[in-house]
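J.: Provided herewith is a single structure, encoded as structure tokens, for subsequent inquiry.
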Amino acid sequence: MKNYKLIIFDFDGTLADSYSWFRESINKAARKYHFREIDAVEMEALRGQKTKEIMQYLGVAWWKVPFIAKYMRGLMTEDLASITLFSGIDSVIKKLADDGALIVILSSNSYHNVAGVLGGENVKWINHFECGVSIFGKKAKLKKVIRKYRKSPEQVISIGDETRDIEAARVLGIHSGAVAWGYATVKALEAESPTYIFNSVEELRQILQ
């Protein structure tokens, strides 16, 4: 392991394969909260945009964001059985824990959903859950977790699948990892210059161990 004592994971799109579910569910939220519905072509194009640009394109009023997030969490709870971890993630988590790393999951999703997808065997390897994070609240929550465990920046890596994950890590001076299998395109992630881009779960394992 590259001296990382604290490894902070995003959940959806990073550990959990929930993009297909999101693609099928977002228009339900659009109809309920009156923002723009999108087709598959638009969805793919938005993967290359930053969060603010996506919100602007959809026409989402900022005051609605917490309500939309809560609604989407509820929809996922109903569909939880259809969402799984990416293949090999469970063994990566266990190996990191066995090697003595502190593992945190920081997510906008609910603890109920996160724990449900992880399953009891994997939950026990997680040292801390920071769930229900607001769409632009990652920086503050990352800072909270780093302070909680009293680790220096070079001992911490935050791993996610969106540009805002990389941005938050950069502001705090910690290392960042971006996974190529999540919500944002590799091109969008590369533009933010993360410390690492992981092209496969096996590469994630190799670099972190």
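In the structure tokens, chains take the letters A, B, ... in the order shown, each chain's residues start at 1, and ligands count up from 1 in the order shown.
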Give me, as an MDAnalysis selection string, all polymer residues having an atom no more than 12 Å from Ser91 of chain A, counting only C-alpha atoms and skipping those fewer than 6 positions away in the same chain.
T.: chainID A and resid 15 85 97:98 118 121:122 125 201:202 204:205 209
J.: Report as a ChimeraX atom specification all protein, DNA and RNA residues lying within 8 Å of Asp161 of chain A, evaluated on only C-alpha atoms, omitting residues in the same chain fewer than 4 positions from it.
T.: /A:10,13-14,165,178-184,189
J.: Okay, now the selection with N, CA and C atoms, as a short mmCIF file (atom, residue, chain, number, x, y, z; two decimals), in the first residue's frame?
T.:
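What landed in part.cif:
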```
data_model
loop_
_atom_site.label_atom_id
_atom_site.label_comp_id
_atom_site.auth_asym_id
_atom_site.auth_seq_id
_atom_site.Cartn_x
_atom_site.Cartn_y
_atom_site.Cartn_z
N ASP A 10 -16.05 7.31 -2.48
CA ASP A 10 -17.40 7.62 -2.90
C ASP A 10 -18.12 6.27 -3.06
N GLY A 13 -21.32 4.57 -8.40
CA GLY A 13 -20.45 4.74 -9.55
C GLY A 13 -18.99 4.44 -9.26
N THR A 14 -18.65 4.32 -7.98
CA THR A 14 -17.28 4.01 -7.57
C THR A 14 -17.19 2.59 -7.03
N ASP A 165 -15.47 15.22 -7.02
CA ASP A 165 -14.68 14.44 -6.06
C ASP A 165 -13.21 14.86 -6.12
N ALA A 178 -9.53 8.62 -9.42
CA ALA A 178 -10.76 8.66 -10.21
C ALA A 178 -10.94 7.32 -10.90
N VAL A 179 -12.11 6.74 -10.78
CA VAL A 179 -12.37 5.45 -11.42
C VAL A 179 -12.98 5.68 -12.80
N ALA A 180 -12.54 4.84 -13.75
CA ALA A 180 -12.95 5.02 -15.14
C ALA A 180 -14.30 4.39 -15.46
N TRP A 181 -14.90 3.70 -14.48
CA TRP A 181 -16.12 2.94 -14.74
C TRP A 181 -17.37 3.61 -14.17
N GLY A 182 -17.27 4.86 -13.75
CA GLY A 182 -18.39 5.50 -13.07
C GLY A 182 -19.19 6.47 -13.93
N TYR A 183 -19.68 7.53 -13.31
CA TYR A 183 -20.62 8.45 -13.95
C TYR A 183 -19.94 9.38 -14.96
N ALA A 184 -18.77 9.91 -14.63
CA ALA A 184 -18.10 10.86 -15.51
C ALA A 184 -17.22 10.13 -16.53
N LEU A 189 -12.57 13.41 -16.31
CA LEU A 189 -11.77 13.16 -15.11
C LEU A 189 -10.31 13.57 -15.34
#
```
J.: At most 9 Å is the cut-off: for each residue in segment 88-159 of chain A with any atom that close to an atom of segment 66-72 of chain A, write down the nearest atom pair and the distance in Å rounded to one decimal, counting only C-alpha atoms, chain first then increasing number, as CSV.
T.:
```
residue,atom,partner,partner_atom,distance
A:Ser108,CA,A:Ala69,CA,7.8
A:Asn109,CA,A:Ala69,CA,8.1
A:Ser110,CA,A:Lys70,CA,8.7
A:Gly132,CA,A:Lys70,CA,8.6
A:Ser134,CA,A:Pro66,CA,7.1
A:Ile135,CA,A:Pro66,CA,8.2
```
J.: Taking only C-alpha atoms into account, name the residue in A:Val133, A:Met55, A:Ile146, A:Ala40 that is nearest to Leu102 of chain A.
T.: A:Ile146
J.: Find the residues around Val145 of chain A up to 12 Å (only C-alpha atoms counted), leave out those fewer than 3 positions away in its own chain, and share them as an NGL selection string.
T.: :A and (6-9 or 102-106 or 127-131 or 138-142 or 148-153 or 156-158 or 172)
J.: How about saving the chosen residues, C-alpha atoms kept, as an mmCIF file, in the first residue's frame?
T.:
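The result, stored in part.cif:
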```
data_model
loop_
_atom_site.group_PDB
_atom_site.id
_atom_site.type_symbol
_atom_site.label_atom_id
_atom_site.label_comp_id
_atom_site.auth_asym_id
_atom_site.auth_seq_id
_atom_site.Cartn_x
_atom_site.Cartn_y
_atom_site.Cartn_z
ATOM 1 C CA LEU A 6 -6.998 6.684 5.321
ATOM 2 C CA ILE A 7 -8.874 5.734 2.153
ATOM 3 C CA ILE A 8 -12.125 7.577 1.479
ATOM 4 C CA PHE A 9 -14.455 6.104 -1.122
ATOM 5 C CA LEU A 102 -8.862 3.013 7.690
ATOM 6 C CA ILE A 103 -11.745 2.883 5.206
ATOM 7 C CA VAL A 104 -14.443 5.548 4.983
ATOM 8 C CA ILE A 105 -17.422 5.771 2.648
ATOM 9 C CA LEU A 106 -18.526 9.322 1.936
ATOM 10 C CA ASN A 127 -14.504 2.275 9.782
ATOM 11 C CA HIS A 128 -16.857 5.166 9.172
ATOM 12 C CA PHE A 129 -19.859 6.091 7.034
ATOM 13 C CA GLU A 130 -20.497 9.728 6.122
ATOM 14 C CA CYS A 131 -23.808 9.572 4.275
ATOM 15 C CA LYS A 138 -17.972 16.905 -0.109
ATOM 16 C CA LYS A 139 -15.151 19.268 0.754
ATOM 17 C CA ALA A 140 -16.531 20.005 4.224
ATOM 18 C CA LYS A 141 -17.234 16.322 4.916
ATOM 19 C CA LEU A 142 -13.790 15.264 3.671
ATOM 20 C CA LYS A 148 -11.505 12.811 12.908
ATOM 21 C CA TYR A 149 -8.687 10.415 12.076
ATOM 22 C CA ARG A 150 -5.865 12.964 12.400
ATOM 23 C CA LYS A 151 -4.021 11.953 9.265
ATOM 24 C CA SER A 152 -1.622 14.133 7.309
ATOM 25 C CA PRO A 153 -2.579 14.942 3.687
ATOM 26 C CA VAL A 156 -5.052 10.279 2.673
ATOM 27 C CA ILE A 157 -6.614 9.460 -0.695
ATOM 28 C CA SER A 158 -10.165 10.189 -1.790
ATOM 29 C CA LEU A 172 -7.755 20.004 0.771
#
```
J.: In terms of the shortest atom-to-atom distance over only C-alpha atoms, which of A:Ile26, A:Ala188, A:Ala16, A:Ile174 is closest to Leu75 of chain A?
T.: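 Looking at the shortest contact to Leu75 of chain A, the residue is A:Ile26.
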J.: Could you tell me which of A:Gly88, A:Arg23, A:Arg73, A:Ser107 comes closest to Glu203 of chain A if we count only C-alpha atoms?
T.: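 Smallest separation from Glu203 of chain A among the options: A:Gly88.
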J.: As a list in words, please: every residue in segment 42-184 of chain A that DSSP puts in strand (DSSP E).
T.: Leu102, Ile103, Val104, Ile105, Leu106, His128, Phe129, Glu130, Val156, Ile157, Ser158, Ile159, Gly160, His175, Ser176, Gly177, Ala178 and Val179 of chain A
J.: So which residues touch Asp99 of chain A within 10 Å, counting only C-alpha atoms, skipping near sequence neighbours fewer than 5 positions away, as a PDB file with C-alpha atoms, in the first residue's frame?
T.:
```pdb
ATOM      1  CA  MET A   1       0.000   0.000   0.000  1.00  0.00           C
ATOM      2  CA  LYS A   5      -3.567   5.229   6.066  1.00  0.00           C
ATOM      3  CA  ILE A  93     -12.103  -3.572   0.651  1.00  0.00           C
ATOM      4  CA  LYS A  94     -11.194  -6.636   2.684  1.00  0.00           C
ATOM      5  CA  GLN A 209      -1.885  -2.350  -1.909  1.00  0.00           C
TER       6      GLN A 209
END
```
J.: Give the answer as one residue: which of A:Tyr4, A:Phe86, A:Phe136, A:Phe35 has the shortest atom-to-atom distance to Ser176 of chain A, using only C-alpha atoms?
T.: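 Smallest distance to Ser176 of chain A is found for A:Tyr4.
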J.: I need the residue nearest Leu58 of chain A from this list: A:Ala81, A:Ala30, A:Leu96, A:Ile207. Use only C-alpha atoms for the distance.
T.: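 Once distances to Leu58 of chain A are computed over only C-alpha atoms, the minimum belongs to A:Ala30.
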J.: As a VMD selection string, please: every residue in segment 38-187 of chain A that DSSP puts in alpha helix (DSSP H).
T.: chain A and resid 40 to 46 51 to 58 65 to 78 89 to 98 111 to 118 120 to 123 138 to 149 163 to 172 186 to 187
J.: If I take atom CA of Ile159 of chain A and atom CA of Glu78 of chain A, how far is one from the other in Å, to one decimal?
T.: 26.8 Å
J.: For Asp90 of chain A, which residue out of A:Met43, A:Ala29, A:Ile54, A:Val117 is the nearest one, using only C-alpha atoms?
T.: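 Counting only C-alpha atoms, the residue closest to Asp90 of chain A is A:Val117.
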J.: Quick one: residues within 8 Å of Arg164 of chain A, only C-alpha atoms counted, chain neighbours fewer than 3 positions away excluded, as a list of chain:residue names?
T.: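 My reading of the contact set: A:Lys50, A:Thr51, A:Phe136, A:Glu167, A:Ala168.
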J.: Restricting it to N, CA and C atoms, dump the selection as a PDB file, in the first residue's frame.
T.:
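Produced file result.pdb, reproduced below:
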```
ATOM      1  N   LYS A  50     -19.358  19.116 -15.917  1.00  0.00           N
ATOM      2  CA  LYS A  50     -19.259  19.282 -14.475  1.00  0.00           C
ATOM      3  C   LYS A  50     -20.659  19.394 -13.872  1.00  0.00           C
ATOM      4  N   THR A  51     -20.732  19.213 -12.568  1.00  0.00           N
ATOM      5  CA  THR A  51     -22.035  19.172 -11.900  1.00  0.00           C
ATOM      6  C   THR A  51     -22.851  20.440 -12.131  1.00  0.00           C
ATOM      7  N   PHE A 136     -22.798  19.666  -3.074  1.00  0.00           N
ATOM      8  CA  PHE A 136     -21.534  20.395  -3.031  1.00  0.00           C
ATOM      9  C   PHE A 136     -20.948  20.422  -1.617  1.00  0.00           C
ATOM     10  N   GLU A 167     -12.016  17.726  -7.374  1.00  0.00           N
ATOM     11  CA  GLU A 167     -11.917  19.129  -6.980  1.00  0.00           C
ATOM     12  C   GLU A 167     -11.841  19.275  -5.464  1.00  0.00           C
ATOM     13  N   ALA A 168     -12.688  18.550  -4.754  1.00  0.00           N
ATOM     14  CA  ALA A 168     -12.711  18.638  -3.287  1.00  0.00           C
ATOM     15  C   ALA A 168     -11.392  18.159  -2.695  1.00  0.00           C
TER      16      ALA A 168
END
```
J.: Which residues, written as a PyMOL selection string, have at least one atom at most 10 Å from Asn27 of chain A, with only C-alpha atoms counted and residues fewer than 6 positions away on the same chain left out?
T.: chain A and resi 33-39
